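Below: one structure, written as structure tokens.
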Amino acid sequence: MFPAVDVLTPRSLEEALRLKAEHPEALPLQGGTDVLVGLNFDRLRPEWILNLNEVDELRGWARDNGTLRLGSGLTYMEALEGSLAEVLPALAEASRTVGSPQIRNRGTIGGNLGTASPAGDALPPLLVEEAEVELQSVRGARRLPVSDFLVGPKRNALEPDELITAVLVRPSGATQTFMKVGPRNAMVIAVCSLALAIDQERGEIRAAFGSAGPVPGLVRVPLGEAESLPERVAQAASPIDDVRGSATYRRHALRVLAVRALERCLAA
């Protein structure tokens with residue numbers, strides 16, 4: 001018999017933060033696409049679950065003086081739609097490769113950040129757009145760049161009483177794309193992935209890779225040195241050998257992805 005798990009279901013962000021302060025060990029759940037797998041395979045056995053599905057403040061997205069505020073409960077399907085996909089196309093492309101339609105309807109951006117898997121598909125697109133993570137607790141709010149928030153494999157900078165409430169992005173307007181390597185295009189964990197943005201205004205190319213190091217990495221290259229990008233990405237990565245691919249293969253695949261992403265963005 002598994003021990004019982006108590007579920008806390010706040011109806012507002014204020015209540016959610018209070019409950020998280022009272023039960024810092026409580027495991028947040030929104031889409032549940034990672035949490036339920038952990039529960040089903042007995043990898044997770046929390047005493048408390050903090051169910052955030054009834055907290056309206058965490059849903060959807062909004063514009064505020066040129067900044068996009070993506071609620072932590074924003075789903076992959078929502079990231080694929082309309083005007084949001086137009087300004088964050090790499091995030092939309094990444095979202096399209098996540099799981100099945102059922103997973104895309106449930107899985108959330110906040111969950112991808114909270115899980116902090118090196119293979120998280122939403123993370124490279126957020127890195128190339130220099131997004132920030134908004135964290136809140138009863139003590140107040142703070143922001144961290146995504147690159148600082150991700151501190152190790154499945155480890156992040158959340159304090160025990162904090163929740164991820166939003167992702168803040170100021171769209172660069174850069175031409176961008178996302179690609180990943182796997183046995184198929186979706187419903188698969190990436191062997192490696194790459195988001196790329198060509199930022200003409202700032203005169204640089206930003207490339208972020210996933211599933212090729214303990215955390216997703218970001219590489220910046222001046223526009224005039226575009227030809228060096230594939231090798232710089234490969235050298236910045238620190239992949240491992242595992243059941244999905246060897247380190248050597250991952251470095252090679254990143255070079256190929258970087259070439260293809262450059263070609264796609266330069267032709268746009």
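So you can find residues: chains in the structure tokens are A, B, ... in the order shown, residues in each start at 1, and ligands are numbered from 1 in order.
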Check: Where in range 109-243 of chain A does DSSP assign helix (DSSP H, G or I), given as a ChimeraX atom specification?
Finding: /A:109-115,123-128,146-149,223-236
Item checked: Spatial neighbours of Ile103 in chain A, max dist 12 Å, only C-alpha atoms, sep filter under 5 positions, as a VMD selection string -> chain A and resid 31 to 34 36 75 to 77 95 to 98 108 111 186 to 188
Check: Near Ser147 in chain A, counting only C-alpha atoms, which residues have an atom at most 10 Å away, once you skip same-chain residues fewer than 5 positions from it, shown as a VMD selection string?
Finding: chain A and resid 123 to 124 126 to 127 130 to 133 215 to 218
Next item on the list: May I have the residues within 9 Å of Arg232 in chain A as a ChimeraX atom specification, using only C-alpha atoms and disregarding those fewer than 5 positions away in the same chain?
Entry: /A:219-221,237,255
If you keep C-alpha atoms, can you produce a file of those selected residues as a PDB file, in the first residue's frame?
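Okay, part_14.pdb is ready:
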ATOM      1  CA  VAL A 219      25.756  30.502 -27.310  1.00  0.00           C
ATOM      2  CA  ARG A 220      26.108  34.016 -28.758  1.00  0.00           C
ATOM      3  CA  VAL A 221      27.915  34.717 -32.021  1.00  0.00           C
ATOM      4  CA  ALA A 237      27.738  21.389 -25.171  1.00  0.00           C
ATOM      5  CA  ARG A 255      26.379  20.875 -35.661  1.00  0.00           C
TER       6      ARG A 255
END
Note to self: Can you measure CA of Asp6 in chain A to CA of Glu162 in chain A for me? One decimal in Å is fine.
What the structure shows: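 Between CA of Asp6 in chain A and CA of Glu162 in chain A the gap works out to 19.2 Å.
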Per residue of range 125-224 of chain A within 12 Å of range 55-59 of chain A, what are the shortest atom pair and its distance in Å to one decimal, counting only C-alpha atoms, with rows by chain and residue number, as JSON lines?
{"residue": "A:Glu134", "atom": "CA", "partner": "A:Leu58", "partner_atom": "CA", "distance": 11.2}
{"residue": "A:Leu135", "atom": "CA", "partner": "A:Leu58", "partner_atom": "CA", "distance": 11.7}
{"residue": "A:Gln136", "atom": "CA", "partner": "A:Leu58", "partner_atom": "CA", "distance": 11.5}
{"residue": "A:Leu163", "atom": "CA", "partner": "A:Leu58", "partner_atom": "CA", "distance": 10.3}
{"residue": "A:Ile164", "atom": "CA", "partner": "A:Leu58", "partner_atom": "CA", "distance": 8.9}
{"residue": "A:Thr165", "atom": "CA", "partner": "A:Leu58", "partner_atom": "CA", "distance": 6.0}
{"residue": "A:Ala166", "atom": "CA", "partner": "A:Leu58", "partner_atom": "CA", "distance": 7.1}
{"residue": "A:Val167", "atom": "CA", "partner": "A:Leu58", "partner_atom": "CA", "distance": 10.4}
Would you mind listing what lies within 7 Å of Pro118 in chain A as a short mmCIF file (atom, residue, chain, number, x, y, z; two decimals) with all heavy atoms, in the first residue's frame, with only C-alpha atoms counted and same-chain residues fewer than 5 positions away left out?
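New file around_33.cif:
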data_model
loop_
_atom_site.label_atom_id
_atom_site.label_comp_id
_atom_site.auth_asym_id
_atom_site.auth_seq_id
_atom_site.Cartn_x
_atom_site.Cartn_y
_atom_site.Cartn_z
N PRO A 153 20.69 19.28 -13.58
CA PRO A 153 19.68 18.34 -14.08
C PRO A 153 18.52 18.20 -13.09
O PRO A 153 18.71 17.78 -11.95
CB PRO A 153 20.46 17.03 -14.22
CG PRO A 153 21.90 17.44 -14.26
CD PRO A 153 22.01 18.67 -13.41
N GLY A 210 19.45 21.95 -26.08
CA GLY A 210 18.89 21.15 -25.00
C GLY A 210 19.33 19.71 -25.12
O GLY A 210 19.78 19.25 -26.18
N SER A 211 19.25 18.97 -24.03
CA SER A 211 19.56 17.55 -23.97
C SER A 211 21.00 17.27 -24.38
O SER A 211 21.30 16.21 -24.93
CB SER A 211 18.60 16.76 -24.87
OG SER A 211 18.45 15.43 -24.42
N GLY A 213 23.75 18.56 -22.12
CA GLY A 213 24.49 19.10 -20.99
C GLY A 213 23.62 19.03 -19.76
O GLY A 213 22.43 18.69 -19.83
N PRO A 214 24.16 19.36 -18.60
CA PRO A 214 23.37 19.29 -17.36
C PRO A 214 22.21 20.29 -17.33
O PRO A 214 21.21 20.07 -16.66
CB PRO A 214 24.39 19.61 -16.26
CG PRO A 214 25.52 20.31 -16.96
CD PRO A 214 25.56 19.74 -18.34
N VAL A 215 22.37 21.40 -18.06
CA VAL A 215 21.29 22.37 -18.26
C VAL A 215 21.32 22.81 -19.71
O VAL A 215 22.37 22.71 -20.38
CB VAL A 215 21.44 23.61 -17.33
CG1 VAL A 215 21.32 23.23 -15.88
CG2 VAL A 215 22.75 24.33 -17.60
N PRO A 216 20.21 23.32 -20.26
CA PRO A 216 20.27 23.90 -21.59
C PRO A 216 21.28 25.04 -21.63
O PRO A 216 21.40 25.81 -20.67
CB PRO A 216 18.84 24.40 -21.82
CG PRO A 216 18.00 23.56 -20.92
CD PRO A 216 18.85 23.32 -19.71
#
Item checked: Distance criterion (only C-alpha atoms): nearest to Arg18 in chain A out of A:Ser117, A:Gln235, A:Asn156, A:Ser137 ->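 Among the listed residues, A:Ser137 lies closest to Arg18 in chain A.
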Next item on the list: Determine, counting only C-alpha atoms, which protein, DNA and RNA residues have an atom within 12 Å of an atom of Ile49 in chain A; residues of the same chain fewer than 6 positions away are not included. Present the result as number ranges by chain.
Entry: A: 4-10, 16, 19-20, 23-30, 32, 35-36, 39
Requested write-out: all heavy atoms of the selected residues, as a compact mmCIF listing (two decimals), in the first residue's frame:
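File written: result_23.txt
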# COMPACT_ATOMS: atom_id res chain seq x y z
N ALA A 4 -0.92 7.65 1.82
CA ALA A 4 -1.87 8.61 1.28
C ALA A 4 -1.17 9.92 0.94
O ALA A 4 -0.20 10.32 1.58
CB ALA A 4 -2.98 8.86 2.30
N VAL A 5 -1.68 10.59 -0.09
CA VAL A 5 -1.19 11.91 -0.49
C VAL A 5 -2.33 12.89 -0.31
O VAL A 5 -3.42 12.71 -0.87
CB VAL A 5 -0.72 11.90 -1.96
CG1 VAL A 5 -0.28 13.30 -2.38
CG2 VAL A 5 0.39 10.90 -2.17
N ASP A 6 -2.11 13.92 0.47
CA ASP A 6 -3.12 14.95 0.67
C ASP A 6 -3.00 16.01 -0.41
O ASP A 6 -1.90 16.44 -0.77
CB ASP A 6 -2.96 15.60 2.05
CG ASP A 6 -3.34 14.66 3.18
OD1 ASP A 6 -4.37 13.97 3.03
OD2 ASP A 6 -2.62 14.61 4.18
N VAL A 7 -4.14 16.45 -0.94
CA VAL A 7 -4.17 17.43 -2.03
C VAL A 7 -4.76 18.74 -1.51
O VAL A 7 -5.87 18.77 -0.96
CB VAL A 7 -5.00 16.91 -3.22
CG1 VAL A 7 -5.04 17.96 -4.33
CG2 VAL A 7 -4.41 15.60 -3.75
N LEU A 8 -4.00 19.81 -1.71
CA LEU A 8 -4.43 21.16 -1.36
C LEU A 8 -4.84 21.85 -2.66
O LEU A 8 -4.08 21.86 -3.63
CB LEU A 8 -3.31 21.94 -0.69
CG LEU A 8 -2.66 21.29 0.53
CD1 LEU A 8 -1.37 22.02 0.91
CD2 LEU A 8 -3.64 21.29 1.70
N THR A 9 -6.04 22.47 -2.69
CA THR A 9 -6.53 23.10 -3.90
C THR A 9 -6.92 24.54 -3.63
O THR A 9 -8.08 24.84 -3.29
CB THR A 9 -7.73 22.33 -4.49
OG1 THR A 9 -7.34 20.97 -4.72
CG2 THR A 9 -8.20 22.94 -5.81
N PRO A 10 -5.97 25.48 -3.77
CA PRO A 10 -6.28 26.89 -3.59
C PRO A 10 -7.11 27.43 -4.75
O PRO A 10 -7.05 26.91 -5.87
CB PRO A 10 -4.91 27.55 -3.53
CG PRO A 10 -4.04 26.65 -4.33
CD PRO A 10 -4.54 25.26 -4.07
N ALA A 16 -2.73 30.20 -2.70
CA ALA A 16 -1.70 29.24 -3.09
C ALA A 16 -0.36 29.55 -2.43
O ALA A 16 0.33 28.65 -1.94
CB ALA A 16 -1.53 29.25 -4.61
N LEU A 19 -0.55 28.62 1.29
CA LEU A 19 -0.46 27.18 1.50
C LEU A 19 0.96 26.67 1.24
O LEU A 19 1.44 25.77 1.94
CB LEU A 19 -1.46 26.45 0.59
CG LEU A 19 -2.93 26.60 0.96
CD1 LEU A 19 -3.81 26.01 -0.13
CD2 LEU A 19 -3.22 25.94 2.31
N LYS A 20 1.63 27.25 0.25
CA LYS A 20 3.01 26.84 -0.02
C LYS A 20 3.93 27.23 1.13
O LYS A 20 4.86 26.49 1.48
CB LYS A 20 3.49 27.48 -1.33
CG LYS A 20 4.86 27.02 -1.80
CD LYS A 20 4.92 25.52 -2.05
CE LYS A 20 6.23 25.15 -2.75
NZ LYS A 20 6.60 23.74 -2.54
N HIS A 23 3.16 24.72 3.85
CA HIS A 23 3.59 23.36 3.48
C HIS A 23 4.66 23.46 2.41
O HIS A 23 4.42 23.13 1.24
CB HIS A 23 2.40 22.54 2.96
CG HIS A 23 1.26 22.44 3.92
ND1 HIS A 23 1.24 21.53 4.96
CD2 HIS A 23 0.10 23.15 4.01
CE1 HIS A 23 0.11 21.66 5.64
NE2 HIS A 23 -0.59 22.64 5.09
N PRO A 24 5.86 23.91 2.75
CA PRO A 24 6.90 24.10 1.73
C PRO A 24 7.30 22.81 1.02
O PRO A 24 7.85 22.85 -0.08
CB PRO A 24 8.08 24.68 2.52
CG PRO A 24 7.80 24.35 3.96
CD PRO A 24 6.32 24.33 4.10
N GLU A 25 6.99 21.67 1.63
CA GLU A 25 7.31 20.39 0.99
C GLU A 25 6.25 19.99 -0.03
O GLU A 25 6.43 18.99 -0.77
CB GLU A 25 7.44 19.29 2.06
CG GLU A 25 6.13 18.81 2.67
CD GLU A 25 5.56 19.75 3.74
OE1 GLU A 25 6.03 20.89 3.88
OE2 GLU A 25 4.61 19.31 4.43
N ALA A 26 5.15 20.73 -0.12
CA ALA A 26 4.06 20.38 -1.05
C ALA A 26 4.55 20.47 -2.49
O ALA A 26 5.23 21.43 -2.88
CB ALA A 26 2.88 21.30 -0.83
N LEU A 27 4.21 19.48 -3.29
CA LEU A 27 4.65 19.41 -4.69
C LEU A 27 3.61 20.09 -5.57
O LEU A 27 2.46 19.65 -5.64
CB LEU A 27 4.80 17.95 -5.10
CG LEU A 27 5.29 17.68 -6.53
CD1 LEU A 27 6.71 18.23 -6.72
CD2 LEU A 27 5.24 16.19 -6.83
N PRO A 28 3.97 21.19 -6.26
CA PRO A 28 3.00 21.87 -7.13
C PRO A 28 2.59 20.98 -8.31
O PRO A 28 3.42 20.26 -8.89
CB PRO A 28 3.76 23.12 -7.61
CG PRO A 28 4.87 23.30 -6.63
CD PRO A 28 5.25 21.92 -6.20
N LEU A 29 1.33 21.07 -8.66
CA LEU A 29 0.80 20.32 -9.80
C LEU A 29 -0.11 21.24 -10.60
O LEU A 29 -0.99 21.88 -10.03
CB LEU A 29 0.03 19.09 -9.34
CG LEU A 29 -0.60 18.20 -10.42
CD1 LEU A 29 -0.59 16.74 -9.98
CD2 LEU A 29 -2.03 18.63 -10.75
N GLN A 30 0.15 21.30 -11.92
CA GLN A 30 -0.76 22.07 -12.77
C GLN A 30 -1.22 21.17 -13.91
O GLN A 30 -2.27 20.57 -13.85
CB GLN A 30 -0.08 23.33 -13.29
CG GLN A 30 -1.07 24.33 -13.89
CD GLN A 30 -0.82 25.74 -13.43
OE1 GLN A 30 0.30 26.17 -13.31
NE2 GLN A 30 -1.88 26.48 -13.18
N GLY A 32 0.36 18.35 -14.68
CA GLY A 32 0.54 17.02 -14.10
C GLY A 32 1.21 16.02 -15.02
O GLY A 32 1.34 14.84 -14.67
N VAL A 35 4.40 15.11 -13.05
CA VAL A 35 4.12 14.66 -11.68
C VAL A 35 3.42 13.31 -11.67
O VAL A 35 3.78 12.41 -10.91
CB VAL A 35 3.27 15.70 -10.93
CG1 VAL A 35 2.78 15.15 -9.58
CG2 VAL A 35 4.08 16.98 -10.70
N LEU A 36 2.42 13.14 -12.54
CA LEU A 36 1.66 11.89 -12.51
C LEU A 36 2.50 10.70 -12.98
O LEU A 36 2.32 9.59 -12.49
CB LEU A 36 0.40 12.03 -13.36
CG LEU A 36 -0.65 12.98 -12.78
CD1 LEU A 36 -1.86 13.08 -13.69
CD2 LEU A 36 -1.08 12.53 -11.39
N LEU A 39 4.45 9.76 -9.94
CA LEU A 39 3.60 9.06 -8.98
C LEU A 39 3.33 7.63 -9.44
O LEU A 39 3.40 6.68 -8.66
CB LEU A 39 2.29 9.81 -8.79
CG LEU A 39 2.35 11.17 -8.09
CD1 LEU A 39 0.99 11.85 -8.15
CD2 LEU A 39 2.79 11.01 -6.64
Margin query: Can you pull out the residues contacting Thr177 in chain A? Cut-off 9 Å, using only C-alpha atoms, and skip same-chain residues under 2 positions away; I want them as JSON, numbers by chain.
Written below: {"A": [89, 90, 91, 93, 94, 125, 175, 179, 194, 195, 196, 197, 261, 262, 264, 265]}
Item checked: Shortest interatomic distance to Arg244 in chain A - which of A:Gly114, A:Pro183, A:Gly152, A:Gly203, counting only C-alpha atoms ->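 Smallest separation from Arg244 in chain A among the options: A:Pro183.
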Check: For the atom pair CA of Glu225 in chain A and CA of Ile198 in chain A, what is the interatomic distance in Å to one decimal place?
Finding: 11.9 Å
Notebook entry, point to check: Which is closest to Phe209 in chain A among A:Pro46, A:Gly140, A:Gly120, A:Gly173, if we use only C-alpha atoms?
Noted result: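 Closest candidate: A:Gly120.
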Next item on the list: Pick out each residue of range 122-216 of chain A that DSSP on the backbone tags as strand (DSSP E or B); I need them as a PyMOL selection string.
Entry: chain A and resi 132-137+140-145+150-152+155-156+163-169+175-181+192-199+204-210
Check: Which residue out of A:Ala116, A:Glu47, A:Val181, A:Leu68 has the minimum interatomic distance to Phe149 in chain A when only C-alpha atoms are used?
Finding: A:Ala116
Check: Expressed in Å to a single decimal, how great is the separation between CA of Gly99 in chain A and CA of Leu113 in chain A?
Finding: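 Computed distance, CA of Gly99 in chain A to CA of Leu113 in chain A, equals 16.4 Å.
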